[in-house]
Structure formats: structure tokens, C-alpha cells
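Q: First, the structure itself, so that you have it in front of you.
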Amino acid sequence: MEKEHIKKIVERQYLMTDIGRVNNIRQLYTEFSPNVNYDALCESAFFPALEKMMEPVLDQLEETPGQNVEYWAQRGMVKECHGSDRPIDWDTYQWENGYRWEPQGFETKQNSHLFWNSYVPASAFRPENKDRKYPLVFVLHGANNGMFLMEGWGFVQAAAEREWIVIVPSLQVDDFILDVLEQAKHLYPVDESRIYAAGFSYGGWCSNRLGNQHPEIFAAVAPCGAAMDSGFTPGDPHDREPIPPFDGVPRALEKGICMPIINCYGDCDGNRFPFYDFHGRAFGLSGMETPQDLVDGINVWARVNHAPELKLEDVMALKDRTDATPAEKETGIPLAPGCGHTFQADGVRYHTCDIKSEDGVARVRILAEMNIPHWPTPEMIRQIFAFFDRFSRDPVTGESVYRR
């Protein structure tokens, strides 16, 4: 039975897509995810924490230019909107990279201009900080989600607490993101050794791909609500964005450098946990259909980070093992001693599963959220920023640096 204050929270609405679709919070945990134990969430501290995270976008059912500038100013962040004067010329795009894109079936405003929003700590504009550099996080949106929705995913709030820069681009192909990065470096004091990429759902897939394509630029990536894999794609001229083909060979392997990654999602997000019971396609999993597919995806990143690879037989054996830890049993991921941690946050149980590199550093981490569907959580964001804070990138050599 819902308590009155929870009932008010879950009925609050937000703008889900950039073409006007409106949802309420309840739908995420009932209508769209019937396998969630909704009553258990109502009895916990989860929905008040979620409401606080989503506060910037709740009950604002249209997106207007410069929206929430004052909201972020009160929290020490300067929000600026860019690209409204830069319409996209897809013929020129084809001429420059040889890839033809013919959008069909995806009605979205964001493919018409090179939009991007920036959120920069106010301290960066003070004369006494003229020599200070700031870490930067690209936050990548989901399929047809508006850029505005990202303000309710917790990334900007976490960046405000740490005084980091956040950039939210409308298009998430790597050539556009690298163009935005160059613009940002001219406008803001970016610490080029600490550039990160995170995203959810389609944005999670894009951040996974970025980590595979440009490990010398990004110090770490955080694909959420999406698979950890090689980033292979044959390209699709009818997809929602003009994503060119990628051969699926992580560039970190070619360059001999590590590429740290934290991969986060809920057990009710496609029912992919535990691995040994996974079957069928799910959100953000592309063609993944079997436990072997999940194992193969993780092993790509294990190789990149000089870590031991998982074995399918060890994954499947966890189903009947009586000595497995709670983290191993609920995730289906076999772990070395000391590499699994189970904890509670905001009424939700989490497992962190680490696969350590040969030097003992956990550069591959899976964060499993129990009883959580396809949507970010406040603790997910906290864990991502804590993970990012451990790594930087030498801008000269491209080497991954562990920040002890």
C-alpha cells in the first residue's frame, strides 16, 4: 500500500522524449517493468531519493531554450546552450566521412542542429582560478530522450558537488563529440587528463563505443543500462543517428594502453542478472541473447585492461554452487577473493563486481542493482563518479594513470 507522500512522488510527471511524450515515475516501475517488486520500493527510502535526483525535470512538461539556468546557478553551475546556429548538413557529413545516413522511423528534433549544453562550475570563471583545470564528463542521452532529461539523471548534481564540468550533446557519434570537445577546450579550463564519458541506454551503448574507439582521450567510461562489448557495428543508414561502421577491435589493444570501465544496470533491466539464467534480447543488449554473449562482452574489456577473462563454465556452475557469495549468486559473475562487495543504498541492494588487472587495480567493474528496471538510480551516479575519480589519462603518452 502506497503511503501518501510516496503516492505524490510517483505521480509526478516529466518530459520523456524530445517530441513531447510525457511519463510519470510510477510507469517506470510498474507499466514498463512488471517484474519489479514495486511495493518493496514504496516501503523503502528509494522514491524520495529518486525524486531528489529527478527534481530539475519533474513537472516541467516542455523544453525551452535556456531552461533551468537559475536552478543550476543556485547550485554553483553555469549552464550554457550551444549550437542553435549550427544546422546539420548531412550531405556534407557524407562528403567528409564517406558514410551515407538516411533517417527513417525516428522522429526527433535533435538531428537537425549541432546542439550541446554545458554545465561549468562557477568557480572556473573567477580570476583567482585562471590556472585551475577541471575534469569533464560527457553525459550521453537515451534513444529519443531530450537533452533536458539528462538534468534529472543525477550527473550534473554530482558534478556540482565535485566541481567538474558536464557536457550533454544532442548527437553522440564520435566525430561530433570530438568536435564539441575541441570547442569546450577553447571555452573552458578543461583538464585534458581527466575526460570521461557516461550514458544510459542508447547513451550507454555510445559511451561503450567511445571507449573502444578513443581510449587515448577518455580516462574512463561508464555505459549504463547497456551492454559491455567490443562496440562492433556494421553501420545502419536508417538508424536514429549516422553511426558509421566500427570493426569491433578496441583501439586500446592496438595502442597497448588500458581503458577503465564501470558498467551499471538493474537486474530487472532485461533480466540479465544472474548471467546463468539470461536468455533473449533486452534493452541496450543489441544482439546479445545468451550467457556466452554476456561473457564475451566482458572479456573484451578484460583483455583491454590486462585482466583475467571469465569462463562460461564457471558462470554456469554458480547456479548450483553452495559456497558462492551473495554477489556471485545474484549476478552470476564468478569473482576472485575480495572482488565482490554487497551493500544497501536508498533501500536498494547493490553488488560491485571487480575484475582486477594484473597489477591489482580494478579497471573493470560491474555494478548490479537489485529490483531496479531500465532507469538510473542515485547510487549509480555516486558509484560512477567515485570510479572516475580513480583514473586519469596521460595526455602525451595516452597511458592510463591510477590515482591512488
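Naming scheme: A, B, ... for chains in displayed order of the C-alpha cells; residues 1 onward per chain; ligands 1 onward as shown.
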Tell me, as a list in words, which residues lie within 6 Å of A:Asn24, counting only C-alpha atoms; anything in the same chain fewer than 2 positions away does not count.

A: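 Those residues are Glu11, Arg12, Gln13, Arg26 and Gln27 of chain A.
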
Q: May I have the residues from that selection written out with N, CA, C and O atoms, as a PDB file, in the first residue's frame?

A:
ATOM      1  N   GLU A  11       3.463   9.973  -8.887  1.00  0.00           N
ATOM      2  CA  GLU A  11       2.553  10.552  -9.871  1.00  0.00           C
ATOM      3  C   GLU A  11       3.155  11.767 -10.568  1.00  0.00           C
ATOM      4  O   GLU A  11       2.558  12.304 -11.503  1.00  0.00           O
ATOM      5  N   ARG A  12       4.322  12.213 -10.130  1.00  0.00           N
ATOM      6  CA  ARG A  12       4.937  13.383 -10.766  1.00  0.00           C
ATOM      7  C   ARG A  12       5.390  13.034 -12.175  1.00  0.00           C
ATOM      8  O   ARG A  12       5.868  11.930 -12.452  1.00  0.00           O
ATOM      9  N   GLN A  13       5.256  13.991 -13.074  1.00  0.00           N
ATOM     10  CA  GLN A  13       5.496  13.757 -14.495  1.00  0.00           C
ATOM     11  C   GLN A  13       6.794  14.421 -14.965  1.00  0.00           C
ATOM     12  O   GLN A  13       7.331  15.312 -14.311  1.00  0.00           O
ATOM     13  N   ARG A  26       5.764   6.458 -11.751  1.00  0.00           N
ATOM     14  CA  ARG A  26       5.193   5.143 -11.490  1.00  0.00           C
ATOM     15  C   ARG A  26       5.354   4.200 -12.692  1.00  0.00           C
ATOM     16  O   ARG A  26       5.643   3.015 -12.537  1.00  0.00           O
ATOM     17  N   GLN A  27       5.190   4.720 -13.895  1.00  0.00           N
ATOM     18  CA  GLN A  27       5.251   3.880 -15.092  1.00  0.00           C
ATOM     19  C   GLN A  27       6.579   3.146 -15.221  1.00  0.00           C
ATOM     20  O   GLN A  27       6.640   2.034 -15.715  1.00  0.00           O
TER      21      GLN A  27
END

Q: I'd like the neighbourhood of A:His279 as a VMD selection string, where a residue qualifies if any of its atoms comes within 12 Å (using only C-alpha atoms), though same-chain residues fewer than 4 positions away should be ignored.

A: chain A and resid 270 to 275 285 287 to 294

Q: What parts of stretch 173-329 of chain A does DSSP call alpha helix (DSSP H)? I'd like the answer as a ChimeraX atom specification.

A: /A:174-187,202-213,251-255,291-304,312-317,326-329

Q: Per DSSP on the backbone, filter stretch 215-375 of chain A down to the residues in strand (DSSP E) and report them as a ChimeraX atom specification.

A: /A:220-224,261-266,340-345,348-356,362-369

Q: Within 9 Å of A:His374, counting only C-alpha atoms, which residues qualify if same-chain residues fewer than 5 places away don't, as number ranges by chain?

A: A: 28-29, 32-33, 200-201, 225, 265-266, 268-270, 283

Q: Write out as a VMD selection string the residues lying within 7 Å of stretch 161-167 of chain A, counting only C-alpha atoms and excluding same-chain residues fewer than 4 positions away.

A: chain A and resid 116 to 121 134 to 139 156 to 157

Q: Since we have the selection now, will you write its residues out, keeping C-alpha atoms, as a short mmCIF file (atom, residue, chain, number, x, y, z; two decimals), in the first residue's frame?

A:
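Result written to out29.cif:
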data_model
loop_
_atom_site.label_atom_id
_atom_site.label_comp_id
_atom_site.auth_asym_id
_atom_site.auth_seq_id
_atom_site.Cartn_x
_atom_site.Cartn_y
_atom_site.Cartn_z
CA TRP A 116 25.11 20.76 -26.84
CA ASN A 117 24.63 22.01 -23.30
CA SER A 118 27.45 22.71 -20.86
CA TYR A 119 27.38 22.89 -17.07
CA VAL A 120 30.53 24.54 -15.71
CA PRO A 121 31.41 25.26 -12.07
CA TYR A 134 38.51 20.97 -14.30
CA PRO A 135 37.61 17.33 -15.08
CA LEU A 136 34.97 16.94 -17.80
CA VAL A 137 32.24 14.31 -18.17
CA PHE A 138 30.26 13.77 -21.37
CA VAL A 139 26.75 12.55 -20.48
CA VAL A 156 25.08 17.35 -13.10
CA GLN A 157 24.26 17.30 -9.38
#

Q: Please list as a PDB file with C-alpha atoms, in the first residue's frame every residue within 12 Å of A:His306, counting only C-alpha atoms and excluding residues in the same chain fewer than 6 positions away.

A:
ATOM      1  CA  ALA A 252      43.340   0.249 -26.590  1.00  0.00           C
ATOM      2  CA  LEU A 253      44.609  -3.172 -27.695  1.00  0.00           C
ATOM      3  CA  GLY A 256      48.817  -1.120 -25.674  1.00  0.00           C
ATOM      4  CA  ILE A 257      47.007   1.032 -23.105  1.00  0.00           C
ATOM      5  CA  CYS A 258      44.316   0.286 -20.514  1.00  0.00           C
ATOM      6  CA  MET A 259      40.776   1.695 -20.734  1.00  0.00           C
ATOM      7  CA  PRO A 260      38.930   1.580 -17.363  1.00  0.00           C
ATOM      8  CA  ASN A 299      36.099 -10.500 -21.782  1.00  0.00           C
ATOM      9  CA  VAL A 300      36.731  -7.884 -24.469  1.00  0.00           C
ATOM     10  CA  ILE A 355      37.825  -7.849 -12.411  1.00  0.00           C
ATOM     11  CA  LYS A 356      41.305  -6.700 -11.460  1.00  0.00           C
ATOM     12  CA  SER A 357      44.174  -6.025 -13.841  1.00  0.00           C
ATOM     13  CA  GLU A 358      47.436  -7.887 -13.422  1.00  0.00           C
ATOM     14  CA  ASP A 359      48.734  -5.008 -11.256  1.00  0.00           C
ATOM     15  CA  GLY A 360      45.844  -5.470  -8.804  1.00  0.00           C
ATOM     16  CA  VAL A 361      43.832  -2.401  -9.871  1.00  0.00           C
ATOM     17  CA  ALA A 362      40.100  -2.875 -10.543  1.00  0.00           C
ATOM     18  CA  ARG A 363      39.775  -1.344 -14.011  1.00  0.00           C
ATOM     19  CA  VAL A 364      36.688  -3.400 -14.936  1.00  0.00           C
TER      20      VAL A 364
END

Q: Nearest residue to A:Glu102 out of A:Arg365, A:His238, A:His141, A:Arg382, using only C-alpha atoms?

A: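 Under the stated criterion, the closest residue is A:His238.
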